[in-house]
Structures are given as structure tokens and as C-alpha cells.
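Below is upload-v1.cif, holding mmCIF, C-alpha atoms (C1' of nucleotides).
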data_entry
#
loop_
_atom_site.label_atom_id
_atom_site.label_comp_id
_atom_site.auth_asym_id
_atom_site.auth_seq_id
_atom_site.Cartn_x
_atom_site.Cartn_y
_atom_site.Cartn_z
CA MET A 200 29.70 -37.49 73.31
CA GLY A 201 28.49 -38.87 76.60
CA GLN A 202 26.16 -41.39 75.04
CA GLU A 203 28.61 -44.12 75.99
CA SER A 204 25.85 -46.49 77.05
CA SER A 205 22.76 -44.49 76.16
CA VAL A 206 21.20 -45.24 79.51
CA ILE A 207 17.46 -45.48 79.49
CA HIS A 208 15.88 -42.75 81.57
CA ASP A 209 12.66 -43.58 79.84
CA LYS A 210 10.29 -42.49 82.58
CA CYS A 211 8.14 -42.42 79.58
CA GLY A 212 4.51 -41.74 78.89
CA VAL A 213 3.93 -45.43 79.23
CA GLU A 214 4.27 -45.12 82.98
CA THR A 215 1.94 -42.16 82.95
CA THR A 216 -0.66 -44.07 81.00
CA ILE A 217 -0.45 -46.99 83.38
CA ALA A 218 -0.68 -44.68 86.36
CA VAL A 219 -3.81 -43.00 85.01
CA VAL A 220 -5.81 -45.78 83.37
CA GLY A 221 -4.06 -48.81 84.78
CA GLY A 222 -4.41 -50.75 87.97
CA LYS A 223 -6.98 -53.19 89.10
CA TRP A 224 -10.05 -50.96 89.04
CA LYS A 225 -9.62 -47.86 86.92
CA PRO A 226 -10.25 -49.51 83.56
CA MET A 227 -13.56 -50.87 84.79
CA ILE A 228 -14.56 -47.59 86.39
CA LEU A 229 -13.75 -45.69 83.22
CA TYR A 230 -15.56 -48.25 81.15
CA ALA A 231 -18.62 -47.83 83.33
CA LEU A 232 -18.49 -44.07 82.86
CA LEU A 233 -18.20 -44.22 79.06
CA SER A 234 -21.95 -44.67 78.80
CA GLY A 235 -22.71 -41.60 80.87
CA PRO A 236 -22.67 -40.19 84.39
CA ARG A 237 -22.96 -42.66 87.22
CA ARG A 238 -23.69 -42.42 90.90
CA PHE A 239 -21.50 -43.98 93.54
CA GLY A 240 -24.03 -46.69 94.25
CA GLU A 241 -24.45 -47.48 90.58
CA LEU A 242 -20.72 -48.03 90.25
CA THR A 243 -20.67 -50.43 93.17
CA ARG A 244 -23.44 -52.39 91.51
CA LEU A 245 -21.71 -52.37 88.14
CA ILE A 246 -18.46 -53.50 89.75
CA PRO A 247 -19.64 -55.78 92.54
CA GLU A 248 -16.21 -57.01 93.60
CA ILE A 249 -14.89 -53.56 94.40
CA THR A 250 -15.06 -52.34 97.98
CA GLN A 251 -16.41 -48.92 98.85
CA ARG A 252 -13.00 -48.00 100.08
CA MET A 253 -11.24 -48.82 96.82
CA LEU A 254 -13.94 -47.23 94.73
CA THR A 255 -13.60 -44.04 96.71
CA LEU A 256 -9.82 -44.05 96.45
CA GLN A 257 -9.78 -44.70 92.73
CA LEU A 258 -12.42 -42.09 92.05
CA ARG A 259 -10.42 -39.53 94.01
CA GLU A 260 -7.33 -40.27 91.96
CA LEU A 261 -9.20 -40.06 88.68
CA GLU A 262 -10.69 -36.78 89.83
CA GLU A 263 -7.32 -35.38 90.77
CA ASP A 264 -6.03 -36.40 87.36
CA GLU A 265 -8.94 -34.50 85.85
CA VAL A 266 -10.13 -37.58 84.06
CA ILE A 267 -13.49 -37.46 85.80
CA THR A 268 -15.55 -34.87 87.62
CA ARG A 269 -17.51 -35.23 90.80
CA GLU A 270 -20.78 -33.38 91.13
CA ILE A 271 -22.54 -33.19 94.46
CA TYR A 272 -26.26 -32.51 94.58
CA LYS A 273 -27.13 -30.93 97.91
CA GLN A 274 -30.17 -32.86 98.92
CA VAL A 275 -31.27 -35.68 101.16
CA PRO A 276 -30.50 -38.41 100.63
CA PRO A 277 -27.16 -37.32 99.18
CA LYS A 278 -26.55 -37.68 95.47
CA VAL A 279 -23.15 -37.63 93.81
CA GLU A 280 -22.53 -38.10 90.13
CA TYR A 281 -19.30 -38.98 88.40
CA SER A 282 -18.69 -38.12 84.77
CA LEU A 283 -15.82 -38.25 82.32
CA THR A 284 -14.16 -34.97 81.45
CA PRO A 285 -13.24 -34.24 77.83
CA LEU A 286 -9.76 -35.44 78.72
CA GLY A 287 -11.35 -38.50 80.25
CA ARG A 288 -13.07 -39.28 77.01
CA THR A 289 -9.72 -39.52 75.26
CA VAL A 290 -9.01 -42.65 77.25
CA GLU A 291 -11.50 -44.62 75.22
CA PRO A 292 -9.18 -45.18 72.23
CA ILE A 293 -6.17 -46.04 74.36
CA LEU A 294 -8.20 -48.47 76.43
CA SER A 295 -9.43 -49.94 73.19
CA PHE A 296 -5.90 -50.40 71.90
CA MET A 297 -4.78 -51.96 75.12
CA GLN A 298 -7.79 -54.24 75.07
CA GLN A 299 -7.07 -55.36 71.55
CA TRP A 300 -3.42 -56.01 72.14
CA GLY A 301 -4.25 -57.94 75.30
CA GLU A 302 -6.65 -60.13 73.39
CA HIS A 303 -4.20 -60.64 70.58
CA PHE A 304 -1.62 -61.63 73.14
CA THR A 305 -3.95 -64.08 74.82
CA ASN A 306 -5.07 -65.62 71.55
CA THR A 307 -1.54 -65.92 70.21
CA ARG A 308 -0.43 -67.79 73.29
CA ALA A 309 -3.56 -69.90 73.54
CA THR A 310 -2.97 -71.41 70.11
CA SER A 311 0.57 -72.66 70.48
CA GLU A 312 0.37 -73.90 74.04
CA GLY A 313 -1.01 -73.57 77.50
CA HIS A 314 1.03 -72.76 80.52
CA SER A 315 0.53 -69.71 82.64
CA ARG A 316 2.41 -67.56 85.08
CA ASP A 317 -0.05 -66.38 87.67
CA GLN A 318 -3.68 -67.33 87.92
CA ARG A 319 -4.40 -67.44 84.19
CA ARG A 320 -5.16 -63.95 83.01
CA ASP A 321 -7.76 -65.33 80.64
CA GLU A 322 -9.65 -67.23 83.28
CA LEU A 323 -12.87 -65.28 83.06
CA MET B 232 -33.85 -60.38 80.67
CA GLY B 233 -31.03 -60.79 83.10
CA GLN B 234 -29.18 -57.70 81.98
CA GLU B 235 -30.67 -55.86 84.93
CA SER B 236 -27.45 -54.04 85.70
CA SER B 237 -25.08 -55.32 83.03
CA VAL B 238 -22.37 -55.92 85.59
CA ILE B 239 -18.86 -55.34 84.37
CA HIS B 240 -16.84 -58.52 84.44
CA ASP B 241 -14.42 -56.77 82.20
CA LYS B 242 -11.32 -58.72 83.16
CA CYS B 243 -10.45 -57.35 79.84
CA GLY B 244 -7.40 -57.36 77.67
CA VAL B 245 -6.42 -54.11 79.31
CA GLU B 246 -5.41 -55.99 82.41
CA THR B 247 -3.50 -58.46 80.29
CA THR B 248 -1.65 -55.69 78.54
CA ILE B 249 -0.74 -54.06 81.81
CA ALA B 250 0.36 -57.39 83.23
CA VAL B 251 2.63 -58.05 80.27
CA VAL B 252 4.13 -54.69 79.36
CA GLY B 253 3.25 -52.70 82.45
CA GLY B 254 4.92 -52.25 85.76
CA LYS B 255 7.94 -50.33 86.81
CA TRP B 256 10.55 -52.07 84.71
CA LYS B 257 9.13 -54.01 81.80
CA PRO B 258 8.66 -51.06 79.45
CA MET B 259 12.29 -50.10 79.87
CA ILE B 260 13.51 -53.66 79.48
CA LEU B 261 11.46 -54.10 76.32
CA TYR B 262 12.65 -50.77 75.01
CA ALA B 263 16.23 -51.86 75.58
CA LEU B 264 15.61 -55.06 73.66
CA LEU B 265 14.02 -53.35 70.66
CA SER B 266 17.45 -52.54 69.31
CA GLY B 267 18.63 -56.12 69.49
CA PRO B 268 19.71 -58.91 71.86
CA ARG B 269 21.20 -57.87 75.15
CA ARG B 270 23.17 -59.58 77.85
CA PHE B 271 22.21 -59.43 81.50
CA GLY B 272 25.05 -57.11 82.31
CA GLU B 273 24.21 -54.81 79.44
CA LEU B 274 20.68 -54.46 80.71
CA THR B 275 21.86 -53.53 84.18
CA ARG B 276 24.02 -50.85 82.64
CA LEU B 277 21.24 -49.57 80.41
CA ILE B 278 18.87 -49.46 83.38
CA PRO B 279 21.15 -48.49 86.26
CA GLU B 280 18.44 -48.08 88.88
CA ILE B 281 17.19 -51.63 88.58
CA THR B 282 18.46 -54.23 91.01
CA GLN B 283 19.71 -57.59 89.82
CA ARG B 284 16.87 -59.22 91.63
CA MET B 285 14.19 -57.22 89.87
CA LEU B 286 15.87 -57.56 86.50
CA THR B 287 15.96 -61.31 86.95
CA LEU B 288 12.34 -61.49 88.07
CA GLN B 289 11.05 -59.32 85.26
CA LEU B 290 13.05 -61.19 82.66
CA ARG B 291 11.65 -64.47 83.92
CA GLU B 292 8.11 -63.18 83.63
CA LEU B 293 8.69 -61.85 80.14
CA GLU B 294 10.20 -65.17 79.20
CA GLU B 295 7.26 -67.10 80.60
CA ASP B 296 4.94 -64.84 78.66
CA GLU B 297 6.97 -65.70 75.56
CA VAL B 298 7.69 -62.07 74.93
CA ILE B 299 11.42 -62.65 75.12
CA THR B 300 13.76 -65.61 74.83
CA ARG B 301 16.75 -66.47 76.94
CA GLU B 302 19.72 -68.03 75.26
CA ILE B 303 22.51 -69.50 77.33
CA TYR B 304 25.95 -69.89 75.80
CA LYS B 305 27.78 -72.68 77.56
CA GLN B 306 31.15 -71.17 78.15
CA VAL B 307 33.21 -69.53 80.84
CA PRO B 308 32.57 -66.90 81.86
CA PRO B 309 28.84 -67.49 81.37
CA LYS B 310 27.02 -65.59 78.66
CA VAL B 311 23.27 -65.17 78.46
CA GLU B 312 21.43 -63.23 75.80
CA TYR B 313 17.88 -61.96 75.88
CA SER B 314 15.95 -61.22 72.69
CA LEU B 315 12.43 -60.29 71.72
CA THR B 316 10.29 -63.03 70.21
CA PRO B 317 8.07 -62.22 67.22
CA LEU B 318 5.25 -61.79 69.72
CA GLY B 319 7.52 -59.54 71.70
CA ARG B 320 8.03 -57.32 68.71
CA THR B 321 4.30 -56.65 68.56
CA VAL B 322 4.62 -54.72 71.80
CA GLU B 323 6.38 -51.88 70.04
CA PRO B 324 3.20 -50.30 68.61
CA ILE B 325 1.23 -50.66 71.81
CA LEU B 326 4.07 -49.18 73.83
CA SER B 327 4.16 -46.38 71.30
CA PHE B 328 0.44 -45.72 71.71
CA MET B 329 0.70 -45.74 75.46
CA GLN B 330 3.66 -43.42 75.29
CA GLN B 331 1.81 -40.98 73.08
CA TRP B 332 -1.31 -40.96 75.18
CA GLY B 333 0.77 -40.46 78.31
CA GLU B 334 2.48 -37.46 76.78
CA HIS B 335 -0.79 -36.04 75.54
CA PHE B 336 -2.18 -36.44 79.04
CA THR B 337 0.79 -34.74 80.61
CA ASN B 338 0.76 -31.87 78.13
CA THR B 339 -2.97 -31.34 78.43
CA ARG B 340 -2.73 -31.05 82.18
CA ALA B 341 0.42 -28.97 82.14
CA THR B 342 -1.25 -26.17 80.18
CA SER B 343 -4.31 -25.51 82.32
CA GLU B 344 -2.77 -25.96 85.72
CA GLY B 345 -0.23 -27.56 87.97
CA HIS B 346 -1.04 -29.81 90.85
CA SER B 347 -0.05 -33.41 91.09
CA ARG B 348 -1.08 -36.58 92.83
CA ASP B 349 2.03 -38.52 93.55
CA GLN B 350 5.58 -37.39 92.90
CA ARG B 351 4.93 -35.69 89.58
CA ARG B 352 4.91 -38.29 86.89
CA ASP B 353 6.63 -35.88 84.54
CA GLU B 354 9.49 -35.07 86.85
CA LEU B 355 12.26 -36.51 84.73
"C1'" DC C 27 29.15 -63.24 84.68
"C1'" DG C 28 24.64 -64.26 85.85
"C1'" DG C 29 22.22 -65.27 88.79
"C1'" DG C 30 19.63 -67.68 93.51
"C1'" DA C 31 18.20 -67.27 98.52
"C1'" DT C 32 16.81 -64.74 102.34
"C1'" DC C 33 15.04 -61.01 104.97
"C1'" DC C 34 12.63 -56.85 105.32
"C1'" DA C 35 10.21 -52.28 104.22
"C1'" DA C 36 6.64 -50.01 101.63
"C1'" DC C 37 2.64 -49.84 99.47
"C1'" DA C 38 -1.76 -51.66 97.56
"C1'" DT C 39 -5.78 -53.85 98.63
"C1'" DG C 40 -9.35 -56.20 101.46
"C1'" DA C 41 -12.70 -56.69 105.54
"C1'" DT C 42 -15.39 -54.65 108.65
"C1'" DA C 43 -17.62 -51.19 111.25
"C1'" DC C 44 -19.31 -46.64 111.71
"C1'" DT C 45 -21.36 -41.82 110.08
"C1'" DG C 46 -23.43 -37.07 108.22
"C1'" DC D 224 -26.57 -42.63 99.89
"C1'" DA D 225 -22.00 -41.95 99.90
"C1'" DG D 226 -18.75 -42.16 102.05
"C1'" DT D 227 -14.67 -42.39 106.39
"C1'" DA D 228 -11.79 -44.95 109.83
"C1'" DT D 229 -9.30 -48.77 111.37
"C1'" DC D 230 -7.07 -53.00 111.10
"C1'" DA D 231 -5.29 -57.04 108.62
"C1'" DT D 232 -3.21 -59.14 104.65
"C1'" DG D 233 -1.03 -59.46 100.11
"C1'" DT D 234 2.05 -58.07 96.79
"C1'" DT D 235 6.20 -55.59 95.24
"C1'" DG D 236 10.56 -53.98 95.54
"C1'" DG D 237 15.11 -53.26 97.79
"C1'" DA D 238 19.43 -54.86 100.41
"C1'" DT D 239 22.52 -58.19 101.18
"C1'" DC D 240 25.02 -62.36 100.87
"C1'" DC D 241 26.11 -66.54 98.47
"C1'" DC D 242 27.11 -69.75 94.37
"C1'" DG D 243 28.51 -72.38 89.81
#
Any chance you could put this one into C-alpha cells?
Amino acid sequence: MGQESSVIHDKCGVETTIAVVGGKWKPMILYALLSGPRRFGELTRLIPEITQRMLTLQLRELEEDEVITREIYKQVPPKVEYSLTPLGRTVEPILSFMQQWGEHFTNTRATSEGHSRDQRRDEL
Amino acid sequence: MGQESSVIHDKCGVETTIAVVGGKWKPMILYALLSGPRRFGELTRLIPEITQRMLTLQLRELEEDEVITREIYKQVPPKVEYSLTPLGRTVEPILSFMQQWGEHFTNTRATSEGHSRDQRRDEL
DNA sequence: CGGGATCCAACATGATACTG
DNA sequence: CAGTATCATGTTGGATCCCG
């Protein structure tokens, strides 16, 4: 009883996943960290389009989510290294799945026809 | 040569996936459609918090991405039905993976400690 | 019933300059 | 080097009213 419409209160893990690994920059940041610890400056060079501001903000969020760690070496000039946590390493498979589905999606649509909603997701 | 920094131009499928199934409403809409075709009014009842405007916008995007179809029955009062396309049905597994990773993430963090970034993703 | 049109608030992101 | 601070803009979502 009470399932009259079975309303969806599906604040599901999907949202969580998107919140943690989604967005414009986090996938690239995480991808950059898969190969090992990186310094702030390295990340800006690996992801040239990102601003310092956004990199800082995204790194702080990832850190708060315990997906990465931030290690400060007390020295001059300053050195800070970012690394994936064990939890952070579990993102690799999910990113991989999302990547694959995204490519499948793009390929499927590319075959049958070619119109696009925003600025062509497959442009680069 | 030329791979000096191996810059990440990873406008990868991850972004595509997020663009198609991500966001605040699309997962719920897709979930609602997994069980079969739904009318506009049904969807608003299944997802009470969504506004008509957002439901319309999201449905249009999903339609343009060929994830769903929109069938208009010419009659009075008007009747419109939304259904998943075959491509749309392929989202089920990826949504499932994202769901599972999101729950794993939440559980992992819940055990060791309890602080949160935004308004607790696991609140409901 | 199933929207479209308009206006507005909130948030995400960008540009630029400055600092310990 | 690794940020912070400030300001401007873009994008998203909500509220409300109207229409075939």
C-alpha cells in the first residue's frame, strides 16, 4: 500500500558518481593522476585550458571527497604533490566504463546521421 | 618527439556520457522510462519535484540525442508518449555501473568518517 | 493535456591581478 | 611554485503566465 504512483526518489548513486568524477575538469585531473603523483604546475601543463582557480577548486573537492591526497613539502620554492587515494584508484574502472559508453554512443549516432545539440561533443 | 608533456585533450567519452545521462533529472527520467512508455503527465507525477519547464527541456535533449522518442497522438485532449529507443536501452547498464560505484563510494566514506562537501549526497 | 515564452535567481566558470 | 582575491560572464534551474 502507498505505492500508488511509485514516485522516484532516486537520489541515486548516479548523482553521487557524477558529483565525484563528473564535471568539466575532474575526469581529466583524475586521468592525469592515474600515472602517479603530480605537482600543481604539472597539472596545469597537462591540462592547459584549465585556470589556476578551477584547478585549485577541483583539487580541493577531490581532496574533501578523499579521492586524492595533498602532500605539502615544506621547502622553498614550495612543492605540493597530489596523489590518488586507494578509493581514488577505484575510479579508474568507472571512468573506463563511462568512456566506453560515451564512445559507443558517439559512434552509434555518427553512423546513422549527423545533427547535434550543442557544440558537437565529438568535435575534438 | 613532441610528446614533451603529453597534454590531456581528453574530451573523452566520459564527458559525452555525463552530457547524455548526467545532470539533475535525466537519470530519473530514464529510470522512469525503463519500465515502458510514459506520458508527460505521468512523468511529472513520477518525478514530483521537477518543473514542467525542466521536464520539457530534458525530454527535448534526450530526444535530440536519440535516446528517447516522442510520439504524438492526434486527438483531444492531446496525448504524447515518450519511450526509450534501442540506443536508449543501452543506458541501463551504464546507469547501473554508475549507481553501484556511487553507493560503494558513499559506503566507503561512511565507515571511516563523516564530513561532507555539499549538502550530503546521501541525505535521502 | 502538454507544452511555449518570459523573467529572474543561483551557481559554475573564466579572466586577471596579486602573494607567501 | 602554488596558490588567493576579485570581478565578469555563462549556464542552469525555478516561477509564472499563456496557448492550441
As an mmCIF file with C-alpha atoms, in the coordinates of the input, could you give me every residue of chain B near chain C (at most 12 Å apart, counting only C-alpha atoms (C1' of nucleotides))?
data_model
loop_
_atom_site.group_PDB
_atom_site.id
_atom_site.type_symbol
_atom_site.label_atom_id
_atom_site.label_comp_id
_atom_site.auth_asym_id
_atom_site.auth_seq_id
_atom_site.Cartn_x
_atom_site.Cartn_y
_atom_site.Cartn_z
ATOM 1 C CA ARG B 270 23.170 -59.580 77.850
ATOM 2 C CA PHE B 271 22.210 -59.430 81.500
ATOM 3 C CA GLY B 272 25.050 -57.110 82.310
ATOM 4 C CA GLU B 273 24.210 -54.810 79.440
ATOM 5 C CA LEU B 274 20.680 -54.460 80.710
ATOM 6 C CA THR B 275 21.860 -53.530 84.180
ATOM 7 C CA THR B 282 18.460 -54.230 91.010
ATOM 8 C CA GLN B 283 19.710 -57.590 89.820
ATOM 9 C CA ARG B 284 16.870 -59.220 91.630
ATOM 10 C CA MET B 285 14.190 -57.220 89.870
ATOM 11 C CA LEU B 286 15.870 -57.560 86.500
ATOM 12 C CA THR B 287 15.960 -61.310 86.950
ATOM 13 C CA LEU B 288 12.340 -61.490 88.070
ATOM 14 C CA LEU B 290 13.050 -61.190 82.660
ATOM 15 C CA ARG B 291 11.650 -64.470 83.920
ATOM 16 C CA ILE B 303 22.510 -69.500 77.330
ATOM 17 C CA TYR B 304 25.950 -69.890 75.800
ATOM 18 C CA LYS B 305 27.780 -72.680 77.560
ATOM 19 C CA GLN B 306 31.150 -71.170 78.150
ATOM 20 C CA VAL B 307 33.210 -69.530 80.840
ATOM 21 C CA PRO B 308 32.570 -66.900 81.860
ATOM 22 C CA PRO B 309 28.840 -67.490 81.370
ATOM 23 C CA LYS B 310 27.020 -65.590 78.660
ATOM 24 C CA VAL B 311 23.270 -65.170 78.460
ATOM 25 C CA GLU B 312 21.430 -63.230 75.800
#
Which residues of chain A have any atom within 6 Å of an atom in chain B when counting all atoms listed in the file, and what is the closest pair of atoms for each, with the distance in Å to one decimal? Order the rows by chain and rising number and write it as a tab-separated table.
residue	atom	partner	partner_atom	distance
A:Val206	CA	B:Leu277	CA	4.4
A:Ile207	CA	B:Leu277	CA	5.6
A:Gly212	CA	B:Gly333	CA	4.0
A:Val213	CA	B:Gln330	CA	4.4
A:Thr215	CA	B:Gly333	CA	5.1
A:Thr216	CA	B:Gly333	CA	4.7
A:Leu245	CA	B:Val238	CA	4.4
A:Ile246	CA	B:Ile239	CA	5.7
A:Met297	CA	B:Val245	CA	5.0
A:Gln298	CA	B:Gly244	CA	4.1
A:Gly301	CA	B:Gly244	CA	4.0
A:Glu302	CA	B:Gly244	CA	5.2
For chain D against chain A, which residues fall within 10 Å using only C-alpha atoms (C1' of nucleotides), given as a list in words?
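Output check: DC224, DA225, DG226 and DT227 of chain D.
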Atom pair atom CA of Glu262 of chain A + atom CA of Leu229 of chain A, distance 11.5 Å
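A straight line drawn from atom CA of Tyr281 of chain A to atom CA of Pro236 of chain A is 5.4 Å long.
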Here atom C1' of DC242 of chain D and atom CA of Leu264 of chain B stand apart by 27.9 Å
Axis-aligned box for segment 220-223 of chain A, 6 Å per side, centre and edges in Å as JSON:
{"center_x": -5.5, "center_y": -49.5, "center_z": 86.2, "size_x": 14.9, "size_y": 19.4, "size_z": 17.7}
Among A:Glu291, A:Arg237, A:Ile249, A:Lys225, Arg269 of chain A is approached most closely, using all atoms listed in the file, by A:Arg237
